[in-house]
$ cat coords-v5.txt   # compact mmCIF, C-alpha atoms
# COMPACT_ATOMS: atom_id res chain seq x y z
CA MET A 1476 -1.11 -3.10 -15.21
CA ASN A 1477 -3.50 -5.84 -14.22
CA THR A 1478 -6.32 -6.55 -16.70
CA ASN A 1479 -8.72 -6.74 -13.72
CA ASP A 1480 -7.89 -3.17 -12.71
CA PRO A 1481 -11.53 -1.91 -12.89
CA ILE A 1482 -12.55 -4.65 -10.47
CA ILE A 1483 -9.71 -3.77 -8.11
CA SER A 1484 -10.59 -0.08 -8.23
CA LYS A 1485 -14.21 -0.91 -7.40
CA VAL A 1486 -13.14 -2.96 -4.38
CA LEU A 1487 -10.81 -0.21 -3.17
CA ASP A 1488 -13.58 2.38 -3.49
CA ARG A 1489 -15.95 0.17 -1.52
CA LEU A 1490 -13.42 -0.42 1.26
CA ILE A 1491 -12.53 3.23 1.70
CA GLN A 1492 -16.20 4.16 1.79
CA HIS A 1493 -16.69 1.55 4.51
CA GLU A 1494 -13.88 3.17 6.51
CA ARG A 1495 -15.38 6.64 6.11
CA ASN A 1496 -18.77 5.44 7.29
CA GLN A 1497 -17.37 4.07 10.53
CA THR A 1498 -17.37 6.06 13.74
CA ALA A 1499 -14.16 6.80 15.62
CA GLU A 1500 -15.09 4.11 18.15
CA GLN A 1501 -15.42 1.48 15.41
CA ARG A 1502 -12.07 2.26 13.81
CA PRO A 1503 -8.76 1.14 15.37
CA ASP A 1504 -6.77 4.13 16.55
CA GLY A 1505 -4.68 5.53 13.73
CA LEU A 1506 -4.67 2.37 11.59
CA HIS A 1507 -6.70 3.84 8.75
CA VAL A 1508 -4.88 3.81 5.40
CA THR A 1509 -5.94 6.66 3.12
CA PRO A 1510 -6.21 6.48 -0.69
CA SER A 1511 -3.12 8.70 -0.99
CA THR A 1512 -1.18 6.30 1.23
CA GLY A 1513 -2.33 3.34 -0.85
CA ARG A 1514 -1.31 5.06 -4.06
CA PHE A 1515 2.08 5.98 -2.59
CA LEU A 1516 2.70 2.37 -1.53
CA GLU A 1517 1.80 1.26 -5.04
CA LEU A 1518 4.18 3.75 -6.65
CA LEU A 1519 6.98 2.91 -4.21
CA ILE A 1520 6.68 -0.81 -4.91
CA GLU A 1521 6.61 -0.19 -8.66
CA GLU A 1522 9.78 1.90 -8.32
CA GLN A 1523 11.70 -0.30 -5.86
CA GLN A 1524 10.57 -3.61 -7.39
CA PRO A 1525 10.85 -5.72 -4.22
CA THR A 1526 10.50 -9.48 -4.49
CA ARG A 1527 9.21 -10.26 -0.98
CA ILE A 1528 6.90 -7.88 0.86
CA LEU A 1529 5.79 -8.09 4.49
CA GLU A 1530 2.70 -6.32 5.83
CA ILE A 1531 1.95 -6.02 9.57
CA SER A 1532 -0.96 -5.79 9.96
CA SER A 1533 -3.96 -5.46 7.69
CA ARG A 1534 -7.57 -5.30 8.89
CA LEU A 1535 -9.77 -5.12 5.79
CA GLY A 1536 -7.09 -5.69 3.17
CA TYR A 1537 -7.21 -2.16 1.76
CA SER A 1538 -3.45 -1.61 1.81
CA THR A 1539 -2.90 -5.27 0.90
CA VAL A 1540 -4.87 -4.83 -2.32
CA TRP A 1541 -2.90 -1.70 -3.25
CA MET A 1542 0.42 -3.48 -2.72
CA ALA A 1543 -0.65 -6.73 -4.37
CA ARG A 1544 -1.68 -4.85 -7.49
CA ALA A 1545 1.72 -3.14 -7.60
CA ALA A 1546 3.46 -6.48 -7.07
CA LEU A 1547 1.88 -8.10 -10.12
CA PRO A 1548 4.30 -6.97 -12.86
CA GLY A 1549 7.36 -8.10 -10.91
CA ASN A 1550 5.69 -11.25 -9.63
CA ALA A 1551 6.53 -10.27 -6.07
CA THR A 1552 4.92 -12.07 -3.14
CA ILE A 1553 3.34 -10.63 0.00
CA ASP A 1554 3.10 -12.06 3.50
CA ALA A 1555 0.26 -10.34 5.37
CA VAL A 1556 0.17 -10.88 9.13
CA CYS A 1557 -2.90 -10.37 11.31
CA PRO A 1558 -3.87 -11.98 14.65
CA SER A 1559 -7.61 -11.95 13.94
CA PRO A 1560 -9.10 -14.90 12.02
CA GLU A 1561 -12.18 -12.81 11.23
CA SER A 1562 -10.06 -10.09 9.66
CA LEU A 1563 -8.06 -12.64 7.68
CA GLU A 1564 -11.27 -14.08 6.24
CA VAL A 1565 -12.40 -10.61 5.16
CA ILE A 1566 -8.98 -9.88 3.61
CA SER A 1567 -9.05 -13.21 1.79
CA GLN A 1568 -12.47 -12.45 0.32
CA HIS A 1569 -11.37 -9.05 -0.96
CA LEU A 1570 -8.17 -10.43 -2.50
CA GLN A 1571 -10.12 -13.24 -4.11
CA GLU A 1572 -12.58 -10.76 -5.60
CA CYS A 1573 -9.64 -8.84 -7.06
CA GLN A 1574 -7.99 -12.06 -8.29
CA LEU A 1575 -4.89 -11.19 -6.26
CA LEU A 1576 -4.99 -13.91 -3.62
CA HIS A 1577 -2.36 -16.01 -5.41
CA HIS A 1578 0.20 -13.25 -4.71
CA VAL A 1579 -0.54 -13.04 -0.98
CA THR A 1580 -0.01 -15.49 1.86
CA LEU A 1581 -2.14 -14.71 4.91
CA HIS A 1582 -0.77 -15.52 8.36
CA GLN A 1583 -2.83 -15.62 11.55
CA SER A 1584 -0.23 -14.62 14.12
CA THR A 1585 0.87 -11.83 16.38
CA ALA A 1586 3.54 -9.67 14.83
CA ALA A 1587 6.08 -10.57 17.51
CA ASP A 1588 5.64 -14.32 17.01
CA PHE A 1589 5.80 -14.06 13.23
CA LEU A 1590 8.91 -11.89 13.26
CA GLN A 1591 10.72 -14.19 15.65
CA GLN A 1592 10.10 -17.18 13.36
CA ALA A 1593 10.69 -15.46 10.00
CA PRO A 1594 13.86 -16.42 8.10
CA PRO A 1595 16.80 -13.98 7.96
CA ASN A 1596 17.46 -11.73 4.96
CA HIS A 1597 14.06 -12.54 3.50
CA TYR A 1598 12.11 -9.30 2.93
CA ASP A 1599 13.05 -6.20 0.97
CA PHE A 1600 9.90 -4.14 1.67
CA ILE A 1601 8.05 -3.95 5.00
CA PHE A 1602 4.86 -2.02 5.74
CA LEU A 1603 3.97 -1.50 9.40
CA ASN A 1604 0.45 -0.49 10.36
CA ALA A 1605 0.02 -2.08 13.76
CA ASP A 1606 0.73 -1.28 17.42
CA ARG A 1607 3.20 1.59 17.11
CA ASN A 1608 4.34 1.21 20.70
CA GLN A 1609 5.82 -2.17 19.79
CA TYR A 1610 7.91 -1.10 16.81
CA ALA A 1611 11.05 -0.53 18.86
CA ALA A 1612 10.69 -3.98 20.47
CA TRP A 1613 10.35 -5.55 17.02
CA TRP A 1614 13.27 -3.67 15.49
CA THR A 1615 15.98 -6.28 16.03
CA ASP A 1616 13.88 -8.91 14.26
CA LEU A 1617 12.90 -6.47 11.51
CA LEU A 1618 16.57 -5.86 10.75
CA ARG A 1619 17.35 -9.57 10.87
CA ILE A 1620 14.68 -10.56 8.36
CA SER A 1621 15.40 -7.69 5.95
CA HIS A 1622 17.42 -8.33 2.82
CA ARG A 1623 17.33 -4.75 1.51
CA LEU A 1624 15.90 -2.67 4.29
CA LEU A 1625 12.96 -0.44 3.43
CA VAL A 1626 10.41 -0.05 6.21
CA VAL A 1627 7.33 2.14 5.76
CA CYS A 1628 5.31 3.02 8.88
CA ASN A 1629 1.79 4.45 8.71
CA ALA A 1630 0.29 7.23 10.88
CA ALA A 1631 3.66 8.82 11.66
CA VAL A 1632 2.32 12.38 11.72
CA ALA A 1633 -0.95 11.68 13.49
CA HIS A 1634 0.81 9.79 16.30
CA THR A 1635 4.33 11.23 16.47
CA PRO A 1636 4.93 10.55 20.20
CA ASP A 1637 4.33 6.82 19.72
CA PHE A 1638 7.29 6.68 17.32
CA GLN A 1639 9.87 8.22 19.62
CA PRO A 1640 11.37 4.92 20.95
CA LEU A 1641 11.86 3.68 17.37
CA LEU A 1642 13.28 7.03 16.23
CA GLN A 1643 15.85 6.98 19.01
CA ILE A 1644 17.06 3.58 17.83
CA VAL A 1645 17.26 4.69 14.20
CA ASP A 1646 19.02 7.96 15.04
CA HIS A 1647 21.67 6.11 17.04
CA THR A 1648 22.34 3.66 14.21
CA PRO A 1649 24.74 5.30 11.73
CA ALA A 1650 23.87 2.82 8.97
CA LEU A 1651 20.22 3.94 8.93
CA GLU A 1652 18.40 7.03 7.73
CA ARG A 1653 14.78 8.13 8.00
CA THR A 1654 12.40 10.44 6.20
CA LEU A 1655 8.94 11.70 7.08
CA LEU A 1656 6.41 12.18 4.29
CA THR A 1657 3.17 14.05 4.82
CA VAL A 1658 1.13 11.54 2.86
CA GLY A 1659 -2.17 10.46 4.42
CA HIS A 1660 -1.66 10.35 8.19
CA GLY A 1661 2.10 10.58 7.66
CA LEU A 1662 4.56 7.95 6.49
CA LEU A 1663 7.91 7.25 8.12
CA LEU A 1664 10.42 5.64 5.76
CA ILE A 1665 13.47 3.91 7.22
CA ARG A 1666 16.24 2.48 5.07
CA HIS A 1667 19.93 1.71 5.02
CA ARG A 1668 21.93 4.88 4.52
CA SER A 1669 22.64 5.39 0.84
CA ALA A 1670 26.12 5.70 -0.62
CA GLU A 1671 25.16 9.20 -1.82
CA THR A 1672 24.36 10.36 1.71
CA THR A 1673 27.51 8.82 3.15
CA ALA A 1674 29.72 10.38 0.47
CA HIS A 1675 28.12 13.79 1.00
CA GLU A 1676 28.80 13.64 4.73
CA GLN A 1677 32.42 12.58 4.20
CA VAL A 1678 33.07 15.50 1.84
CA ASN A 1679 31.04 18.22 3.53
CA GLY A 1680 30.78 17.06 7.11
CA LEU A 1681 27.02 17.63 7.03
CA PRO A 1682 24.08 15.29 6.38
CA LEU A 1683 21.87 15.73 3.37
CA LEU A 1684 18.72 17.61 4.30
CA THR A 1685 15.72 15.30 4.52
CA PRO A 1686 12.33 15.83 6.24
CA ARG A 1687 12.64 14.47 9.77
CA PHE A 1688 10.87 14.46 13.07
CA SER A 1689 12.03 16.88 15.70
CA SER A 1690 13.49 14.96 18.62
$ encode --input "coords-v5.txt" --output "structure tokens"
Amino acid sequence: MNTNDPIISKVLDRLIQHERNQTAEQRPDGLHVTPSTGRFLELLIEEQQPTRILEISSRLGYSTVWMARAALPGNATIDAVCPSPESLEVISQHLQECQLLHHVTLHQSTAADFLQQAPPNHYDFIFLNADRNQYAAWWTDLLRISHRLLVVCNAAVAHTPDFQPLLQIVDHTPALERTLLTVGHGLLLIRHRSAETTAHEQVNGLPLLTPRFSS
């Protein structure tokens, strides 16, 4: 792990304390990333070993720091997208303090504009923590830019109704599967259907049991 780990942990502790001190009016609806979510993202990246990570969108850089730390051993890179120049400056400062800025490229852009311009087959890990009502509209571009599809969406338990348009798309795409994890405010994982799941269905005629939303 990174030799600057104590510094990173100090920054993460400071950021989460800042979030906890904010009122509900000061905090964007449902965009708060919990420490358990950050740790899960770190473990998932360490396990999956992606090379190119996309984050839409970060506000303080809390989740960005977690993922950048996990990306260090594999020398993976992160593109973090945020429309606010003020937020990008704050994120840059936190990454610089953690000595992680060289792993992250910050983009001032709306998610829709960035996704439309991103190259195809480029990312193998995508973290969504933005306007949930837009996820379905972004889905075609998200598939196009994914090399090895793994999309993680935050706040999937706290705001289940907002995910319904996306879930309908996923459920009507045989090549995709989804899982709901009760980590933090809930994480929705979407990926290409595994060979194990497909083989099980062909033999038994039934899908493997995985935690899912009720439709």
$ atom_distance --input "coords-v5.txt" --atom1 "atom CA of A:Val1565" --atom2 "atom CA of A:Ser1533"
10.2 Å
$ closest_residue --input "coords-v5.txt" --among "A:His1622, A:Trp1541, A:Leu1535, A:Glu1530" --to "A:His1493" --atoms "all atoms listed in the file"
A:Leu1535
$ closest_atom_pairs --input "coords-v5.txt" --of "stretch 1587-1626 of chain A" --to "stretch 1633-1641 of chain A" --cutoff "9 Å" --atoms "all atoms listed in the file" --output "Markdown table"
| residue | atom | partner | partner_atom | distance |
| --- | --- | --- | --- | --- |
| A:Arg1607 | CA | A:Asp1637 | CA | 6.0 |
| A:Asn1608 | CA | A:Asp1637 | CA | 5.7 |
| A:Gln1609 | CA | A:Leu1641 | CA | 8.7 |
| A:Tyr1610 | CA | A:Leu1641 | CA | 6.2 |
| A:Ala1611 | CA | A:Leu1641 | CA | 4.5 |
| A:Ala1612 | CA | A:Leu1641 | CA | 8.3 |
| A:Trp1614 | CA | A:Leu1641 | CA | 7.7 |
$ residues_near_point --input "coords-v5.txt" --point "(-4.4, -10.6, 12.8)" --cutoff "12 Å" --atoms "all atoms listed in the file" --output "PyMOL selection string"
chain A and resi 1530-1536+1555-1566+1581-1589+1604-1606
$ residues_around --input "coords-v5.txt" --residues "stretch 1515-1526 of chain A" --least-positions-apart "6" --cutoff "8 Å" --atoms "all atoms listed in the file" --output "PyMOL selection string"
chain A and resi 1541-1542+1544-1546+1549-1552+1598-1600+1658
$ write_last_selection --input "coords-v5.txt" --atoms "C-alpha atoms" --output "JSON list (two decimals), keeping the file's coordinate frame"
[["chain", "number", "residue", "atom", "x", "y", "z"],
["A", 1541, "TRP", "CA", -2.90, -1.70, -3.25],
["A", 1542, "MET", "CA", 0.42, -3.48, -2.72],
["A", 1544, "ARG", "CA", -1.68, -4.85, -7.49],
["A", 1545, "ALA", "CA", 1.72, -3.14, -7.60],
["A", 1546, "ALA", "CA", 3.46, -6.48, -7.07],
["A", 1549, "GLY", "CA", 7.36, -8.10, -10.91],
["A", 1550, "ASN", "CA", 5.69, -11.25, -9.63],
["A", 1551, "ALA", "CA", 6.53, -10.27, -6.07],
["A", 1552, "THR", "CA", 4.92, -12.07, -3.14],
["A", 1598, "TYR", "CA", 12.11, -9.30, 2.93],
["A", 1599, "ASP", "CA", 13.05, -6.20, 0.97],
["A", 1600, "PHE", "CA", 9.90, -4.14, 1.67],
["A", 1658, "VAL", "CA", 1.13, 11.54, 2.86]]
$ closest_residue --input "coords-v5.txt" --among "A:Gln1497, A:Gly1513, A:Ile1601, A:Thr1539" --to "A:His1578" --atoms "only C-alpha atoms"
A:Thr1539
$ atom_distance --input "coords-v5.txt" --atom1 "atom CA of A:Arg1668" --atom2 "atom CA of A:Gln1592"
26.5 Å
$ residues_around --input "coords-v5.txt" --residues "A:Val1540" --least-positions-apart "6" --cutoff "9 Å" --atoms "only C-alpha atoms" --output "ChimeraX atom specification"
/A:1483,1486-1487,1513,1566,1569-1570,1573,1575
$ atom_distance --input "coords-v5.txt" --atom1 "atom CA of A:Val1632" --atom2 "atom CA of A:Gln1591"
28.1 Å
$ axis_aligned_box --input "coords-v5.txt" --around "stretch 1640-1650 of chain A" --padding-each-side "5 Å" --output "lines of an AutoDock Vina configuration file"
center_x = 18.1
center_y = 5.4
center_z = 15.0
size_x = 23.4
size_y = 15.1
size_z = 22.0
$ closest_residue --input "coords-v5.txt" --among "A:Leu1590, A:Ile1528, A:Val1626, A:Ala1543" --to "A:Arg1514" --atoms "all atoms listed in the file"
A:Ala1543
$ residues_around --input "coords-v5.txt" --residues "A:Ile1620" --least-positions-apart "4" --cutoff "6 Å" --atoms "only C-alpha atoms" --output "PyMOL selection string"
chain A and resi 1594-1597
$ residues_around --input "coords-v5.txt" --residues "A:Cys1628" --least-positions-apart "3" --cutoff "6 Å" --atoms "only C-alpha atoms" --output "number ranges by chain"
A: 1602-1603, 1662-1663
$ closest_residue --input "coords-v5.txt" --among "A:Glu1652, A:Asp1554, A:Glu1494, A:Asp1616" --to "A:Leu1576" --atoms "all atoms listed in the file"
A:Asp1554
$ closest_residue --input "coords-v5.txt" --among "A:Arg1653, A:His1577, A:Arg1666, A:His1507" --to "A:Gln1492" --atoms "only C-alpha atoms"
A:His1507
$ closest_residue --input "coords-v5.txt" --among "A:Arg1527, A:Gln1571, A:Asp1646, A:Val1579" --to "A:Arg1623" --atoms "all atoms listed in the file"
A:Arg1527
$ decode --input "coords-v5.txt" --residues "stretch 1541-1678 of chain A" --atoms "C-alpha atoms" --output "CSV table (one decimal), in the first residue's frame"
chain,number,residue,atom,x,y,z
A,1541,TRP,CA,-10.4,6.0,-1.9
A,1542,MET,CA,-10.3,4.8,-5.5
A,1543,ALA,CA,-7.0,6.6,-6.3
A,1544,ARG,CA,-5.3,4.9,-3.3
A,1545,ALA,CA,-6.6,1.5,-4.5
A,1546,ALA,CA,-5.4,2.3,-8.0
A,1547,LEU,CA,-1.8,2.8,-7.0
A,1548,PRO,CA,-0.4,-0.7,-7.0
A,1549,GLY,CA,-1.8,-1.4,-10.5
A,1550,ASN,CA,-0.9,2.0,-11.8
A,1551,ALA,CA,-4.4,2.5,-12.9
A,1552,THR,CA,-5.7,6.0,-14.0
A,1553,ILE,CA,-8.9,7.8,-13.0
A,1554,ASP,CA,-10.9,10.3,-14.9
A,1555,ALA,CA,-13.1,12.3,-12.5
A,1556,VAL,CA,-15.8,14.4,-14.0
A,1557,CYS,CA,-17.6,17.3,-12.3
A,1558,PRO,CA,-19.3,20.4,-13.8
A,1559,SER,CA,-18.3,22.7,-10.9
A,1560,PRO,CA,-14.9,24.4,-11.2
A,1561,GLU,CA,-15.0,25.2,-7.4
A,1562,SER,CA,-15.5,21.5,-6.6
A,1563,LEU,CA,-12.7,20.5,-9.0
A,1564,GLU,CA,-10.3,22.9,-7.2
A,1565,VAL,CA,-11.3,21.4,-3.8
A,1566,ILE,CA,-10.8,17.8,-5.2
A,1567,SER,CA,-7.4,18.8,-6.7
A,1568,GLN,CA,-6.2,20.2,-3.4
A,1569,HIS,CA,-7.2,17.0,-1.5
A,1570,LEU,CA,-5.6,14.7,-4.1
A,1571,GLN,CA,-2.4,16.9,-4.0
A,1572,GLU,CA,-2.3,16.7,-0.2
A,1573,CYS,CA,-2.5,12.9,-0.5
A,1574,GLN,CA,0.1,12.8,-3.3
A,1575,LEU,CA,-2.4,11.1,-5.6
A,1576,LEU,CA,-3.1,13.8,-8.1
A,1577,HIS,CA,-0.7,12.2,-10.7
A,1578,HIS,CA,-3.2,9.2,-10.9
A,1579,VAL,CA,-6.2,11.4,-11.5
A,1580,THR,CA,-7.3,13.6,-14.4
A,1581,LEU,CA,-10.0,16.1,-13.5
A,1582,HIS,CA,-12.5,17.1,-16.1
A,1583,GLN,CA,-14.8,20.1,-15.8
A,1584,SER,CA,-17.8,18.9,-17.8
A,1585,THR,CA,-21.4,17.7,-17.5
A,1586,ALA,CA,-21.6,14.0,-17.5
A,1587,ALA,CA,-23.6,13.8,-20.7
A,1588,ASP,CA,-21.1,15.9,-22.6
A,1589,PHE,CA,-18.1,13.9,-21.3
A,1590,LEU,CA,-19.7,10.6,-22.1
A,1591,GLN,CA,-20.6,11.6,-25.6
A,1592,GLN,CA,-17.0,12.6,-26.3
A,1593,ALA,CA,-15.3,9.7,-24.5
A,1594,PRO,CA,-13.5,7.1,-26.7
A,1595,PRO,CA,-15.1,3.6,-27.1
A,1596,ASN,CA,-14.0,0.6,-25.1
A,1597,HIS,CA,-11.9,2.7,-22.8
A,1598,TYR,CA,-13.0,2.2,-19.2
A,1599,ASP,CA,-13.3,-1.0,-17.2
A,1600,PHE,CA,-14.6,0.4,-13.9
A,1601,ILE,CA,-17.2,3.2,-13.6
A,1602,PHE,CA,-18.5,4.8,-10.4
A,1603,LEU,CA,-21.7,6.8,-10.7
A,1604,ASN,CA,-22.7,9.3,-8.0
A,1605,ALA,CA,-24.5,12.0,-9.8
A,1606,ASP,CA,-28.1,12.7,-11.0
A,1607,ARG,CA,-29.7,9.3,-10.8
A,1608,ASN,CA,-32.6,10.3,-13.0
A,1609,GLN,CA,-30.1,10.6,-15.9
A,1610,TYR,CA,-28.5,7.2,-15.7
A,1611,ALA,CA,-30.9,5.6,-18.1
A,1612,ALA,CA,-30.3,8.4,-20.6
A,1613,TRP,CA,-26.5,7.9,-20.3
A,1614,TRP,CA,-26.6,4.1,-20.6
A,1615,THR,CA,-26.0,3.8,-24.3
A,1616,ASP,CA,-22.8,5.9,-23.9
A,1617,LEU,CA,-21.8,4.1,-20.8
A,1618,LEU,CA,-21.9,0.8,-22.7
A,1619,ARG,CA,-20.0,2.2,-25.6
A,1620,ILE,CA,-17.1,3.5,-23.6
A,1621,SER,CA,-16.8,0.4,-21.4
A,1622,HIS,CA,-14.1,-2.2,-22.2
A,1623,ARG,CA,-15.0,-4.6,-19.4
A,1624,LEU,CA,-18.3,-3.4,-18.0
A,1625,LEU,CA,-18.5,-2.9,-14.2
A,1626,VAL,CA,-20.7,0.0,-13.2
A,1627,VAL,CA,-21.2,0.8,-9.5
A,1628,CYS,CA,-24.0,3.2,-8.6
A,1629,ASN,CA,-24.2,4.9,-5.2
A,1630,ALA,CA,-27.4,5.5,-3.1
A,1631,ALA,CA,-29.3,2.6,-4.6
A,1632,VAL,CA,-31.2,1.7,-1.4
A,1633,ALA,CA,-31.9,5.3,-0.2
A,1634,HIS,CA,-33.3,6.3,-3.6
A,1635,THR,CA,-34.7,3.1,-5.2
A,1636,PRO,CA,-37.4,4.7,-7.3
A,1637,ASP,CA,-34.9,6.9,-9.1
A,1638,PHE,CA,-33.2,3.8,-10.4
A,1639,GLN,CA,-36.2,2.2,-12.0
A,1640,PRO,CA,-35.7,3.5,-15.6
A,1641,LEU,CA,-32.1,2.1,-15.5
A,1642,LEU,CA,-33.2,-1.2,-14.0
A,1643,GLN,CA,-35.8,-1.7,-16.7
A,1644,ILE,CA,-33.0,-1.3,-19.3
A,1645,VAL,CA,-30.7,-3.7,-17.5
A,1646,ASP,CA,-33.4,-6.3,-16.9
A,1647,HIS,CA,-34.3,-6.3,-20.6
A,1648,THR,CA,-30.7,-6.8,-21.7
A,1649,PRO,CA,-29.9,-10.5,-21.5
A,1650,ALA,CA,-26.1,-9.9,-21.5
A,1651,LEU,CA,-26.3,-7.9,-18.3
A,1652,GLU,CA,-26.8,-8.8,-14.6
A,1653,ARG,CA,-27.2,-6.6,-11.5
A,1654,THR,CA,-26.7,-7.0,-7.8
A,1655,LEU,CA,-27.8,-4.8,-4.9
A,1656,LEU,CA,-25.4,-4.5,-1.9
A,1657,THR,CA,-26.5,-2.9,1.4
A,1658,VAL,CA,-23.3,-1.0,1.8
A,1659,GLY,CA,-23.6,2.6,2.9
A,1660,HIS,CA,-26.7,4.0,1.2
A,1661,GLY,CA,-26.8,1.0,-1.1
A,1662,LEU,CA,-24.7,0.1,-4.1
A,1663,LEU,CA,-26.0,-1.2,-7.4
A,1664,LEU,CA,-23.5,-3.2,-9.4
A,1665,ILE,CA,-24.1,-3.8,-13.1
A,1666,ARG,CA,-21.8,-6.0,-15.2
A,1667,HIS,CA,-21.8,-8.3,-18.2
A,1668,ARG,CA,-23.4,-11.6,-17.4
A,1669,SER,CA,-20.7,-14.1,-16.3
A,1670,ALA,CA,-20.1,-17.4,-18.0
A,1671,GLU,CA,-21.0,-19.1,-14.7
A,1672,THR,CA,-24.4,-17.5,-14.6
A,1673,THR,CA,-25.1,-18.3,-18.3
A,1674,ALA,CA,-24.0,-21.9,-17.9
A,1675,HIS,CA,-26.2,-22.3,-14.8
A,1676,GLU,CA,-29.2,-21.0,-16.6
A,1677,GLN,CA,-28.6,-23.3,-19.6
A,1678,VAL,CA,-28.4,-26.4,-17.4
